[in-house]
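Participant: Sharing structure35.tsv, TSV, C-alpha atoms:
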chain	number	residue	atom	x	y	z
H	4	MET	CA	18.12	24.12	-27.37
H	5	ALA	CA	16.92	20.62	-26.53
H	6	LYS	CA	13.21	20.18	-27.01
H	7	LYS	CA	11.42	19.68	-23.69
H	8	LYS	CA	9.75	16.28	-23.38
H	9	ALA	CA	5.97	16.43	-23.37
H	10	THR	CA	4.57	15.66	-19.94
H	11	HIS	CA	1.23	15.00	-18.36
H	12	PHE	CA	-0.09	14.71	-14.83
H	13	VAL	CA	-0.73	11.28	-13.41
H	14	VAL	CA	-2.90	10.79	-10.34
H	15	GLU	CA	-1.59	7.91	-8.25
H	16	ARG	CA	-3.31	6.30	-5.29
H	17	LEU	CA	-1.02	5.54	-2.37
H	18	ASN	CA	-1.19	1.98	-1.12
H	19	TRP	CA	-3.77	2.20	1.65
H	20	ARG	CA	-5.47	-0.97	2.85
H	21	ARG	CA	-8.57	-1.58	4.88
H	22	SER	CA	-7.85	-4.05	7.66
H	23	GLY	CA	-10.70	-6.56	7.78
H	24	ARG	CA	-14.05	-4.87	8.25
H	25	ASP	CA	-13.27	-2.74	11.28
H	26	GLY	CA	-12.62	0.46	9.35
H	27	THR	CA	-8.94	0.76	10.20
H	28	PHE	CA	-6.75	1.76	7.28
H	29	PHE	CA	-3.00	1.31	7.02
H	30	ARG	CA	-0.61	2.81	4.52
H	31	LEU	CA	1.79	0.38	2.88
H	32	PRO	CA	4.60	1.15	0.44
H	33	GLY	CA	3.66	1.51	-3.20
H	34	PHE	CA	1.17	3.26	-5.41
H	35	THR	CA	-1.32	2.57	-8.17
H	36	ARG	CA	-1.54	4.60	-11.35
H	37	ILE	CA	-5.14	5.79	-11.58
H	38	GLN	CA	-5.59	8.35	-14.36
H	39	SER	CA	-3.59	10.86	-16.40
H	40	PHE	CA	-4.52	14.45	-17.28
H	41	ASP	CA	-3.13	17.01	-19.68
H	42	THR	CA	-3.26	19.83	-17.14
H	43	GLN	CA	-2.30	20.03	-13.50
H	44	GLU	CA	-5.60	21.77	-12.70
H	45	ALA	CA	-7.63	18.86	-14.06
H	46	ALA	CA	-5.45	16.37	-12.20
H	47	GLU	CA	-5.76	18.38	-9.00
H	48	ALA	CA	-9.56	18.54	-9.27
H	49	PHE	CA	-9.72	14.77	-9.72
H	50	ARG	CA	-7.24	14.14	-6.90
H	51	TYR	CA	-9.16	16.40	-4.53
H	52	ALA	CA	-12.48	14.67	-5.26
H	53	GLU	CA	-10.91	11.26	-4.66
H	54	GLU	CA	-9.14	12.52	-1.54
H	55	LEU	CA	-12.48	13.61	-0.09
H	56	LYS	CA	-13.96	10.15	-0.66
H	57	ALA	CA	-11.06	8.63	1.26
H	58	ARG	CA	-11.29	11.18	4.06
H	59	ALA	CA	-14.96	10.34	4.50
H	60	VAL	CA	-14.15	6.79	5.59
H	61	VAL	CA	-10.69	6.98	7.18
H	62	ASN	CA	-9.99	7.80	10.79
H	63	PRO	CA	-6.54	9.35	10.35
H	64	PHE	CA	-5.36	8.54	13.86
H	65	LEU	CA	-6.00	4.81	13.55
H	66	GLY	CA	-3.55	2.43	11.95
H	67	THR	CA	-0.33	4.05	13.15
H	68	LEU	CA	1.87	3.37	16.14
H	69	ALA	CA	2.53	6.87	17.35
H	70	PRO	CA	-0.31	9.31	16.72
H	71	PRO	CA	-0.20	12.24	16.21
H	72	THR	CA	3.51	12.10	15.19
H	73	ASP	CA	2.55	10.05	12.15
H	74	GLN	CA	-0.12	12.55	11.09
H	75	THR	CA	1.48	15.97	11.55
H	76	ASP	CA	4.76	17.72	12.21
H	77	LEU	CA	3.12	19.75	14.97
H	78	PRO	CA	3.99	18.69	18.51
H	79	GLU	CA	1.01	17.12	20.24
H	80	TYR	CA	0.26	20.13	22.45
H	81	ALA	CA	0.40	22.44	19.41
H	82	LEU	CA	-2.01	20.19	17.51
H	83	ALA	CA	-4.41	20.31	20.46
H	84	ASP	CA	-4.08	24.11	20.56
H	85	TRP	CA	-4.68	24.31	16.83
H	86	TYR	CA	-7.94	22.38	17.16
H	87	THR	CA	-9.03	24.52	20.11
H	88	ASP	CA	-8.26	27.71	18.18
H	89	HIS	CA	-10.43	26.44	15.33
H	90	GLY	CA	-13.44	25.69	17.51
H	91	PHE	CA	-12.90	21.98	18.18
H	92	ASP	CA	-12.73	20.32	21.57
H	93	PRO	CA	-9.62	18.12	21.30
H	94	PRO	CA	-8.99	15.17	23.62
H	95	LYS	CA	-7.53	15.95	27.04
H	96	PRO	CA	-4.42	14.14	28.28
H	97	ASP	CA	-5.13	11.19	30.57
H	98	LYS	CA	-3.19	10.46	33.77
H	99	ASN	CA	-0.33	9.06	31.64
H	100	ASP	CA	-0.32	12.27	29.60
H	101	ARG	CA	-1.75	10.45	26.55
H	102	ARG	CA	-4.56	11.75	24.39
H	103	ALA	CA	-6.99	9.35	22.71
H	104	TRP	CA	-6.92	10.98	19.28
H	105	ALA	CA	-8.45	8.09	17.36
H	106	LYS	CA	-11.32	7.75	19.81
H	107	TRP	CA	-11.88	11.51	19.73
H	108	TRP	CA	-11.98	11.55	15.92
H	109	ALA	CA	-14.36	8.57	15.76
H	110	LYS	CA	-16.79	10.31	18.12
H	111	GLU	CA	-16.54	13.90	16.92
H	112	SER	CA	-16.27	13.44	13.16
H	113	LYS	CA	-19.79	12.01	12.96
H	114	ARG	CA	-21.13	15.49	13.72
H	115	TRP	CA	-18.96	17.44	11.30
H	116	LYS	CA	-20.40	18.84	8.10
H	117	PRO	CA	-18.04	18.75	5.08
H	118	ASP	CA	-16.63	22.24	5.70
H	119	ARG	CA	-15.79	21.40	9.33
H	120	ALA	CA	-14.29	18.08	8.32
H	121	ALA	CA	-12.10	19.93	5.81
H	122	VAL	CA	-10.82	22.18	8.62
H	123	ALA	CA	-10.19	19.18	10.88
H	124	TRP	CA	-8.02	17.58	8.20
H	125	GLU	CA	-5.96	20.74	7.64
H	126	PRO	CA	-3.14	20.11	10.14
H	127	LEU	CA	-2.85	16.41	9.23
H	128	HIS	CA	-0.65	17.02	6.24
H	129	LYS	CA	1.22	13.70	6.55
H	130	VAL	CA	-1.96	11.77	5.79
H	131	ARG	CA	-2.47	11.71	2.05
H	132	PHE	CA	-4.27	9.19	-0.09
H	133	TYR	CA	-3.46	10.36	-3.62
H	134	ARG	CA	-0.65	12.28	-5.27
H	135	ILE	CA	0.04	13.85	-8.62
H	136	SER	CA	3.21	13.04	-10.55
H	137	GLU	CA	4.24	15.02	-13.59
H	138	ARG	CA	5.43	12.31	-15.93
H	139	PRO	CA	6.77	12.20	-19.47
H	140	LYS	CA	4.14	11.08	-21.93
H	141	VAL	CA	5.22	7.52	-22.64
H	142	PRO	CA	3.29	4.55	-23.96
H	143	VAL	CA	1.59	2.32	-21.42
H	144	GLY	CA	1.48	-1.44	-21.35
H	145	TYR	CA	-0.72	-3.94	-19.55
H	146	ALA	CA	0.90	-6.51	-17.29
H	147	LEU	CA	-1.07	-9.73	-17.11
H	148	VAL	CA	-0.96	-10.96	-13.52
H	149	ARG	CA	-2.12	-14.31	-12.21
H	150	VAL	CA	-3.67	-13.84	-8.77
H	151	ASN	CA	-2.07	-16.12	-6.19
H	152	TRP	CA	-4.53	-18.21	-4.21
H	153	ASN	CA	-3.45	-20.32	-1.26
H	154	TYR	CA	-5.39	-23.15	0.40
H	155	THR	CA	-5.93	-22.66	4.15
H	156	ASP	CA	-7.25	-26.20	4.84
H	157	GLU	CA	-10.78	-24.84	4.55
H	158	TRP	CA	-10.90	-22.38	1.67
H	159	GLN	CA	-8.76	-20.46	-0.77
H	160	GLN	CA	-7.19	-17.20	0.37
H	161	ALA	CA	-5.98	-14.50	-2.03
H	162	ASP	CA	-2.65	-12.78	-1.74
H	163	SER	CA	-3.47	-9.22	-0.77
H	164	GLU	CA	-2.03	-7.68	-3.91
H	165	GLY	CA	-0.19	-8.51	-7.11
H	166	GLY	CA	0.58	-12.08	-8.06
H	167	THR	CA	2.66	-13.67	-10.77
H	168	VAL	CA	3.41	-11.44	-13.74
H	169	MET	CA	3.18	-13.45	-16.96
H	170	THR	CA	3.48	-11.02	-19.88
H	171	VAL	CA	3.24	-7.34	-20.71
H	172	TYR	CA	1.02	-6.37	-23.65
H	173	ARG	CA	1.19	-3.14	-25.57
H	174	SER	CA	-2.35	-3.45	-26.87
H	175	ARG	CA	-5.09	-2.94	-24.31
H	176	GLU	CA	-7.55	-4.97	-26.42
H	177	LYS	CA	-5.18	-7.90	-26.70
H	178	ALA	CA	-4.42	-7.78	-22.98
H	179	GLN	CA	-8.12	-7.64	-22.10
H	180	GLN	CA	-8.86	-10.53	-24.42
H	181	GLU	CA	-6.08	-12.67	-22.95
H	182	CYS	CA	-7.16	-11.78	-19.40
H	183	ALA	CA	-10.79	-12.63	-20.18
H	184	ASP	CA	-9.85	-15.95	-21.83
H	185	ARG	CA	-7.65	-17.02	-18.95
H	186	SER	CA	-10.24	-15.91	-16.39
H	187	ARG	CA	-12.94	-17.98	-18.15
H	188	GLN	CA	-10.64	-20.98	-18.15
H	189	ALA	CA	-9.83	-20.49	-14.45
H	190	HIS	CA	-13.54	-20.34	-13.60
H	191	ARG	CA	-14.05	-23.60	-15.46
H	192	ASP	CA	-11.09	-25.22	-13.69
H	193	TRP	CA	-12.04	-24.31	-10.12
H	194	ASP	CA	-14.57	-26.46	-8.30
H	195	ALA	CA	-17.97	-24.75	-8.03
H	196	ASN	CA	-18.11	-25.58	-4.31
H	197	GLU	CA	-14.76	-24.01	-3.51
H	198	ALA	CA	-14.89	-20.93	-1.20
H	199	PHE	CA	-12.63	-17.91	-1.61
H	200	GLU	CA	-11.51	-15.23	0.82
H	201	LEU	CA	-10.31	-11.93	-0.63
H	202	MET	CA	-8.50	-10.69	2.51
H	203	ASP	CA	-7.58	-7.01	2.01
H	204	ARG	CA	-7.23	-7.40	-1.76
H	205	VAL	CA	-8.84	-4.57	-3.70
H	206	PRO	CA	-10.64	-6.05	-6.70
H	207	PRO	CA	-10.00	-4.47	-10.13
H	208	GLY	CA	-11.84	-1.19	-10.66
H	209	ARG	CA	-12.44	-0.65	-6.96
H	210	SER	CA	-10.70	1.44	-4.34
H	211	PRO	CA	-9.79	0.49	-0.76
H	212	PHE	CA	-12.07	3.36	0.33
H	213	ASP	CA	-15.13	1.82	-1.30
H	214	PRO	CA	-17.35	-0.27	0.97
H	215	PRO	CA	-15.90	-3.79	1.19
H	216	GLN	CA	-17.16	-6.15	-1.49
H	217	GLU	CA	-20.08	-8.24	-0.25
H	218	PRO	CA	-20.49	-11.86	-1.32
H	219	ASN	CA	-23.71	-12.86	-3.08
H	220	ASN	CA	-24.35	-15.44	-0.37
H	221	PRO	CA	-24.40	-14.25	3.25
H	222	PRO	CA	-21.47	-15.36	5.44
H	223	GLN	CA	-22.13	-18.85	6.81
H	224	TRP	CA	-19.34	-19.34	9.30
H	225	GLY	CA	-18.63	-15.77	10.28
H	226	ASP	CA	-16.10	-15.49	7.48
H	227	VAL	CA	-16.75	-13.49	4.35
H	228	LEU	CA	-16.38	-16.04	1.60
H	229	PHE	CA	-17.01	-15.73	-2.10
H	230	THR	CA	-17.75	-18.17	-4.88
H	231	ARG	CA	-15.47	-18.67	-7.86
H	232	ASP	CA	-17.70	-16.40	-9.95
H	233	GLU	CA	-17.12	-13.40	-7.65
H	234	VAL	CA	-13.34	-13.33	-7.41
H	235	PRO	CA	-10.52	-12.51	-9.83
H	236	PHE	CA	-8.04	-15.10	-11.03
H	237	TRP	CA	-6.29	-12.89	-13.53
H	238	GLU	CA	-5.83	-9.12	-13.53
H	239	LEU	CA	-4.33	-6.43	-15.72
H	240	VAL	CA	-2.08	-3.74	-14.27
H	241	GLU	CA	-1.32	-0.67	-16.35
H	242	VAL	CA	2.40	0.18	-16.41
H	243	GLU	CA	4.34	2.94	-18.13
H	244	LEU	CA	6.81	1.73	-20.74
H	245	GLU	CA	9.76	4.10	-20.50
H	246	GLY	CA	12.13	4.27	-23.42
H	247	LEU	CA	9.82	2.45	-25.80
H	248	LYS	CA	8.36	4.10	-28.84
U	261	MET	CA	18.88	-32.79	-37.24
U	262	SER	CA	18.20	-30.63	-34.26
U	263	LYS	CA	15.16	-28.40	-34.34
U	264	ALA	CA	15.85	-24.69	-34.57
U	265	LYS	CA	14.67	-22.94	-31.40
U	266	ALA	CA	11.62	-20.79	-32.03
U	267	LYS	CA	12.51	-17.17	-31.34
U	268	PRO	CA	10.22	-15.81	-28.62
U	269	LYS	CA	7.85	-13.13	-29.81
U	270	GLY	CA	8.16	-9.51	-28.76
U	271	LYS	CA	10.80	-7.28	-27.26
U	272	THR	CA	12.36	-7.67	-23.82
U	273	VAL	CA	11.74	-4.90	-21.32
U	274	TYR	CA	12.93	-4.57	-17.75
U	275	LEU	CA	9.97	-4.64	-15.46
U	276	VAL	CA	10.29	-3.15	-12.00
U	277	VAL	CA	8.19	-5.17	-9.59
U	278	ARG	CA	7.44	-4.45	-5.96
U	279	LEU	CA	7.24	-7.14	-3.32
U	280	ALA	CA	3.55	-7.85	-2.68
U	281	LEU	CA	2.66	-7.12	0.94
U	282	THR	CA	-0.14	-8.12	3.25
U	283	LEU	CA	-1.47	-6.79	6.53
U	284	GLY	CA	-1.14	-8.98	9.58
U	285	HIS	CA	-2.78	-8.58	12.94
U	286	ASN	CA	-2.31	-5.27	14.77
U	287	GLY	CA	-0.94	-3.49	11.74
U	288	SER	CA	1.99	-5.78	11.08
U	289	ILE	CA	3.10	-6.07	7.47
U	290	TYR	CA	4.36	-9.22	5.81
U	291	PRO	CA	5.31	-10.34	2.33
U	292	CYS	CA	2.45	-12.15	0.61
U	293	HIS	CA	2.56	-15.95	0.51
U	294	GLY	CA	3.11	-16.34	-3.21
U	295	THR	CA	2.23	-19.83	-4.34
U	296	TYR	CA	3.40	-23.27	-3.33
U	297	ASP	CA	4.98	-24.04	-6.67
U	298	GLU	CA	6.80	-20.76	-7.19
U	299	ASP	CA	7.71	-17.71	-5.20
U	300	ALA	CA	6.31	-14.94	-7.40
U	301	ARG	CA	4.56	-12.33	-5.28
U	302	GLU	CA	5.04	-9.17	-7.18
U	303	VAL	CA	3.24	-6.00	-8.12
U	304	PRO	CA	4.25	-4.60	-11.52
U	305	VAL	CA	5.20	-0.94	-11.24
U	306	ARG	CA	6.92	0.34	-14.38
U	307	ALA	CA	8.77	-1.10	-17.39
U	308	PHE	CA	11.90	0.25	-19.04
U	309	ALA	CA	13.72	-0.38	-22.29
U	310	SER	CA	17.00	0.12	-20.42
U	311	GLN	CA	18.03	-2.21	-17.61
U	312	ARG	CA	20.08	0.56	-16.03
U	313	ALA	CA	17.13	2.93	-15.94
U	314	ALA	CA	14.99	0.18	-14.40
U	315	GLU	CA	17.59	-0.50	-11.69
U	316	GLN	CA	17.86	3.21	-10.90
U	317	PHE	CA	14.07	3.47	-10.56
U	318	ALA	CA	13.97	0.35	-8.35
U	319	TYR	CA	16.66	1.88	-6.12
U	320	GLU	CA	14.72	5.13	-5.76
U	321	GLN	CA	11.52	3.27	-5.02
U	322	ASN	CA	13.22	1.20	-2.33
U	323	ALA	CA	14.26	4.41	-0.61
U	324	GLU	CA	10.70	5.73	-0.83
U	325	CYS	CA	9.31	2.52	0.69
U	326	CYS	CA	11.67	2.93	3.64
U	327	ARG	CA	10.32	6.44	4.18
U	328	VAL	CA	6.72	5.23	4.15
U	329	LEU	CA	7.20	2.58	6.82
U	330	THR	CA	8.22	3.29	10.39
U	331	PRO	CA	11.33	1.53	11.75
U	332	PRO	CA	9.33	-1.06	13.76
U	333	LEU	CA	7.50	-2.17	10.61
U	334	LEU	CA	10.80	-2.24	8.72
U	335	GLN	CA	12.26	-4.36	11.48
U	336	GLU	CA	9.42	-6.85	11.15
U	337	LEU	CA	9.83	-7.03	7.40
U	338	THR	CA	13.61	-7.35	7.40
U	339	GLY	CA	13.99	-9.51	10.51
U	340	LEU	CA	16.74	-7.26	11.88
U	341	PRO	CA	17.35	-8.30	15.52
U	342	ASP	CA	16.95	-5.86	18.41
U	343	GLU	CA	20.69	-5.86	19.28
U	344	PRO	CA	22.06	-3.60	16.52
U	345	ILE	CA	19.12	-1.24	16.99
U	346	ASN	CA	19.81	-1.12	20.72
U	347	GLU	CA	23.46	-0.29	20.03
U	348	LEU	CA	22.36	2.69	17.98
U	349	LEU	CA	19.82	3.74	20.60
U	350	LEU	CA	22.56	3.60	23.22
U	351	GLU	CA	24.83	5.78	21.06
U	352	MET	CA	21.99	8.31	20.83
U	353	ASP	CA	21.36	8.23	24.60
U	354	LEU	CA	17.95	6.69	24.10
U	355	PRO	CA	16.49	3.82	26.15
U	356	PRO	CA	16.74	0.32	24.64
U	357	ILE	CA	13.89	-1.66	23.15
U	358	PRO	CA	12.06	-3.39	26.02
U	359	PRO	CA	12.40	-7.18	26.12
U	360	PRO	CA	9.47	-9.09	24.63
U	361	ARG	CA	6.57	-9.80	26.92
U	362	ARG	CA	5.59	-13.41	27.50
U	363	GLY	CA	4.02	-14.82	24.34
U	364	GLU	CA	4.61	-11.60	22.45
U	365	HIS	CA	5.49	-11.77	18.77
U	366	PRO	CA	9.13	-10.82	18.07
U	367	GLY	CA	9.34	-7.17	17.08
U	368	ARG	CA	6.46	-6.08	19.29
U	369	GLY	CA	8.92	-4.60	21.75
U	370	PHE	CA	10.04	-2.10	19.14
U	371	HIS	CA	6.38	-1.29	18.38
U	372	ARG	CA	5.90	-0.39	22.04
U	373	TRP	CA	9.18	1.54	22.08
U	374	TRP	CA	8.12	3.53	19.03
U	375	ALA	CA	4.71	4.38	20.45
U	376	GLU	CA	6.45	5.69	23.56
U	377	HIS	CA	9.37	7.59	22.04
U	378	ALA	CA	8.66	8.49	18.39
U	379	ALA	CA	7.21	11.88	19.28
U	380	ASN	CA	10.38	12.92	21.08
U	381	LEU	CA	12.90	11.87	18.44
U	382	SER	CA	14.86	14.58	16.69
U	383	THR	CA	14.95	14.54	12.90
U	384	LYS	CA	18.55	13.33	13.06
U	385	GLN	CA	17.72	10.50	15.46
U	386	ARG	CA	14.79	9.44	13.34
U	387	LYS	CA	16.90	9.45	10.19
U	388	SER	CA	19.60	7.40	11.93
U	389	LEU	CA	17.03	4.79	12.89
U	390	GLU	CA	15.54	4.72	9.41
U	391	GLY	CA	19.07	4.38	8.02
U	392	MET	CA	19.43	0.98	9.69
U	393	PHE	CA	17.00	-0.39	7.13
U	394	SER	CA	18.37	1.32	4.03
U	395	ALA	CA	19.35	-2.03	2.54
U	396	ALA	CA	15.76	-3.30	2.62
U	397	VAL	CA	14.76	-4.43	-0.85
U	398	PHE	CA	11.18	-3.97	-1.95
U	399	HIS	CA	11.74	-3.57	-5.67
U	400	THR	CA	13.53	-5.80	-8.11
U	401	VAL	CA	14.00	-5.79	-11.86
U	402	ARG	CA	13.26	-8.66	-14.16
U	403	PRO	CA	13.20	-9.04	-17.90
U	404	VAL	CA	9.77	-9.64	-19.43
U	405	ARG	CA	8.65	-10.03	-23.03
U	406	VAL	CA	6.35	-7.37	-24.37
U	407	GLU	CA	3.81	-8.65	-26.83
U	408	GLY	CA	1.77	-6.82	-29.44
Would you mind writing the structure in this file as structure tokens?
Facilitator:
Amino acid sequence: MAKKKATHFVVERLNWRRSGRDGTFFRLPGFTRIQSFDTQEAAEAFRYAEELKARAVVNPFLGTLAPPTDQTDLPEYALADWYTDHGFDPPKPDKNDRRAWAKWWAKESKRWKPDRAAVAWEPLHKVRFYRISERPKVPVGYALVRVNWNYTDEWQQADSEGGTVMTVYRSREKAQQECADRSRQAHRDWDANEAFELMDRVPPGRSPFDPPQEPNNPPQWGDVLFTRDEVPFWELVEVELEGLK
Amino acid sequence: MSKAKAKPKGKTVYLVVRLALTLGHNGSIYPCHGTYDEDAREVPVRAFASQRAAEQFAYEQNAECCRVLTPPLLQELTGLPDEPINELLLEMDLPPIPPPRRGEHPGRGFHRWWAEHAANLSTKQRKSLEGMFSAAVFHTVRPVRVEG
């Protein structure tokens, strides 16, 4: 009998983005590998804790074109009934037979304690922020990515994700060293007076559900701009190396 | 005497990269700018020793991306005109995409259509609409050297 490949459980964050500073989140295609666990239980505990952090800041009815179709398989009237049956006061249809779900959530959710919030999220099974993938245990590598910056006639603007992949390293230490060296060089090369806008880019080690990164200097022109010392020029992205020993 | 070419270090792997995407106004999604001197705008996803395995993974990931995005967002990303979508809507006895309002960005008509009709679509109708964008490519494979 063929020996079963050893697996582990990888928690992946789905590609949610915060739009500007208004608290609207959108889901885009893609995912980020966050952490691996030997057991499903450990992965599930981690996923659940991270899911709660996301739920605390996301209004699930914002950021989609057709709520509540994008949030649940329940027809709208059934979703409203479900909330009523569970002690909520869901939005009533307006004269055009539309319910303001996002507005209702924004107003009501402020009053919910964690257990009530958990109930409110129950029927919204299409809205997920993390997932667990059972994956074969394979080596990982570290892709060195140059962040793309574009000049807007006033300041530099970051691409929202990714960049230009230069090399993949097998050794984390070597990758970190190369990334640090290139970042130092980039900081030396950029003008100290240059301003940088991060857009919806999530800096390394942070999550889109964290509070947006604040610049050291307060915004001067209404735009949130950073100095060269506060933004990334090079990043490492962990990738699985399938088929490599 | 010609110089012998130095052999590049490391092994080649096939890296699956996803098109880097950015949010526009009102929830639109666009490919990132890349840079002026080259077009790289990629997010590394997974690397494979086998090119075939990498291409299979890229194919599966493309299909998943199409499931994540609604047809109006896929239309914006792919630039598919309204006409073929309207032909399909007609076949399914559904109203056509409304013409763009004055000054409206192309594709906004389908956004409005979706907001109005998505809730009433059957699973089959929804799948048919999603199927119009099945050729959308989000993931590609490219060889990369792996170093120590």
Participant: With only C-alpha atoms considered, list every residue of chain U at most 8 Å from chain H, as a count of residues only.
Facilitator: 38
Participant: Record the distance separating atom CA of Pro93 of chain H and atom CA of Trp19 of chain H, expressed in Å with one decimal.
Facilitator: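 Interatomic distance here is 26.0 Å.
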Participant: Excluding same-chain residues fewer than 3 positions from Glu111 of chain H, what lies within 10 Å of it counting only C-alpha atoms, as a ChimeraX atom specification?
Facilitator: /H:91-93,105-108,114-115,120
Participant: Between atom CA of Pro221 of chain H and atom CA of Glu233 of chain H, what distance in Å does the model show, to one decimal?
Facilitator: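 Taking atom CA of Pro221 of chain H as the start and atom CA of Glu233 of chain H as the end point, the length is 13.1 Å.
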Participant: Give me the residues near Ala52 of chain H as an MDAnalysis selection string, where near means some atom within 12 Å (using only C-alpha atoms) and where sequence neighbours in that chain fewer than 6 positions away do not count.
Facilitator: chainID H and resid 14 45:46 58:59 132:133
Participant: Quick one: residues within 10 Å of Arg312 of chain U, all atoms listed in the file, excluding same-chain residues fewer than 6 positions away - as a list in words?
Facilitator: Tyr274, Ala318 and Val401 of chain U
Participant: What separation in Å, quoted to one decimal, exists between atom CA of Arg372 of chain U and atom CA of Pro332 of chain U?
Facilitator: 9.0 Å
Participant: Export segment 340-351 of chain U, N, CA, C and O atoms, as a PDB file, in the first residue's frame; it's the structure right above.
Facilitator:
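Saved to selection25.pdb:
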ATOM      1  N   LEU U 340     -14.978  42.752 -21.385  1.00  0.00           N
ATOM      2  CA  LEU U 340     -15.990  42.142 -22.262  1.00  0.00           C
ATOM      3  C   LEU U 340     -17.129  43.157 -22.483  1.00  0.00           C
ATOM      4  O   LEU U 340     -17.669  43.695 -21.528  1.00  0.00           O
ATOM      5  N   PRO U 341     -17.486  43.416 -23.758  1.00  0.00           N
ATOM      6  CA  PRO U 341     -18.562  44.389 -23.999  1.00  0.00           C
ATOM      7  C   PRO U 341     -19.927  43.881 -23.516  1.00  0.00           C
ATOM      8  O   PRO U 341     -20.097  42.684 -23.262  1.00  0.00           O
ATOM      9  N   ASP U 342     -20.873  44.794 -23.435  1.00  0.00           N
ATOM     10  CA  ASP U 342     -22.226  44.425 -22.988  1.00  0.00           C
ATOM     11  C   ASP U 342     -22.923  43.473 -23.968  1.00  0.00           C
ATOM     12  O   ASP U 342     -23.734  42.632 -23.545  1.00  0.00           O
ATOM     13  N   GLU U 343     -22.629  43.614 -25.279  1.00  0.00           N
ATOM     14  CA  GLU U 343     -23.430  42.903 -26.300  1.00  0.00           C
ATOM     15  C   GLU U 343     -23.506  41.391 -26.075  1.00  0.00           C
ATOM     16  O   GLU U 343     -24.617  40.837 -26.036  1.00  0.00           O
ATOM     17  N   PRO U 344     -22.376  40.683 -25.971  1.00  0.00           N
ATOM     18  CA  PRO U 344     -22.507  39.235 -25.779  1.00  0.00           C
ATOM     19  C   PRO U 344     -23.222  38.861 -24.486  1.00  0.00           C
ATOM     20  O   PRO U 344     -23.919  37.845 -24.419  1.00  0.00           O
ATOM     21  N   ILE U 345     -23.075  39.695 -23.460  1.00  0.00           N
ATOM     22  CA  ILE U 345     -23.776  39.416 -22.197  1.00  0.00           C
ATOM     23  C   ILE U 345     -25.279  39.598 -22.417  1.00  0.00           C
ATOM     24  O   ILE U 345     -26.100  38.784 -21.983  1.00  0.00           O
ATOM     25  N   ASN U 346     -25.622  40.650 -23.151  1.00  0.00           N
ATOM     26  CA  ASN U 346     -27.047  40.885 -23.439  1.00  0.00           C
ATOM     27  C   ASN U 346     -27.655  39.752 -24.248  1.00  0.00           C
ATOM     28  O   ASN U 346     -28.825  39.406 -24.052  1.00  0.00           O
ATOM     29  N   GLU U 347     -26.868  39.188 -25.166  1.00  0.00           N
ATOM     30  CA  GLU U 347     -27.379  38.049 -25.959  1.00  0.00           C
ATOM     31  C   GLU U 347     -27.731  36.885 -25.033  1.00  0.00           C
ATOM     32  O   GLU U 347     -28.766  36.240 -25.182  1.00  0.00           O
ATOM     33  N   LEU U 348     -26.851  36.646 -24.081  1.00  0.00           N
ATOM     34  CA  LEU U 348     -27.106  35.550 -23.131  1.00  0.00           C
ATOM     35  C   LEU U 348     -28.319  35.871 -22.251  1.00  0.00           C
ATOM     36  O   LEU U 348     -29.172  35.017 -22.003  1.00  0.00           O
ATOM     37  N   LEU U 349     -28.407  37.116 -21.809  1.00  0.00           N
ATOM     38  CA  LEU U 349     -29.537  37.516 -20.962  1.00  0.00           C
ATOM     39  C   LEU U 349     -30.857  37.323 -21.723  1.00  0.00           C
ATOM     40  O   LEU U 349     -31.852  36.853 -21.164  1.00  0.00           O
ATOM     41  N   LEU U 350     -30.814  37.673 -23.002  1.00  0.00           N
ATOM     42  CA  LEU U 350     -32.004  37.506 -23.843  1.00  0.00           C
ATOM     43  C   LEU U 350     -32.397  36.030 -23.932  1.00  0.00           C
ATOM     44  O   LEU U 350     -33.576  35.678 -23.786  1.00  0.00           O
ATOM     45  N   GLU U 351     -31.393  35.188 -24.158  1.00  0.00           N
ATOM     46  CA  GLU U 351     -31.651  33.733 -24.228  1.00  0.00           C
ATOM     47  C   GLU U 351     -32.285  33.226 -22.935  1.00  0.00           C
ATOM     48  O   GLU U 351     -33.055  32.274 -22.937  1.00  0.00           O
TER      49      GLU U 351
END
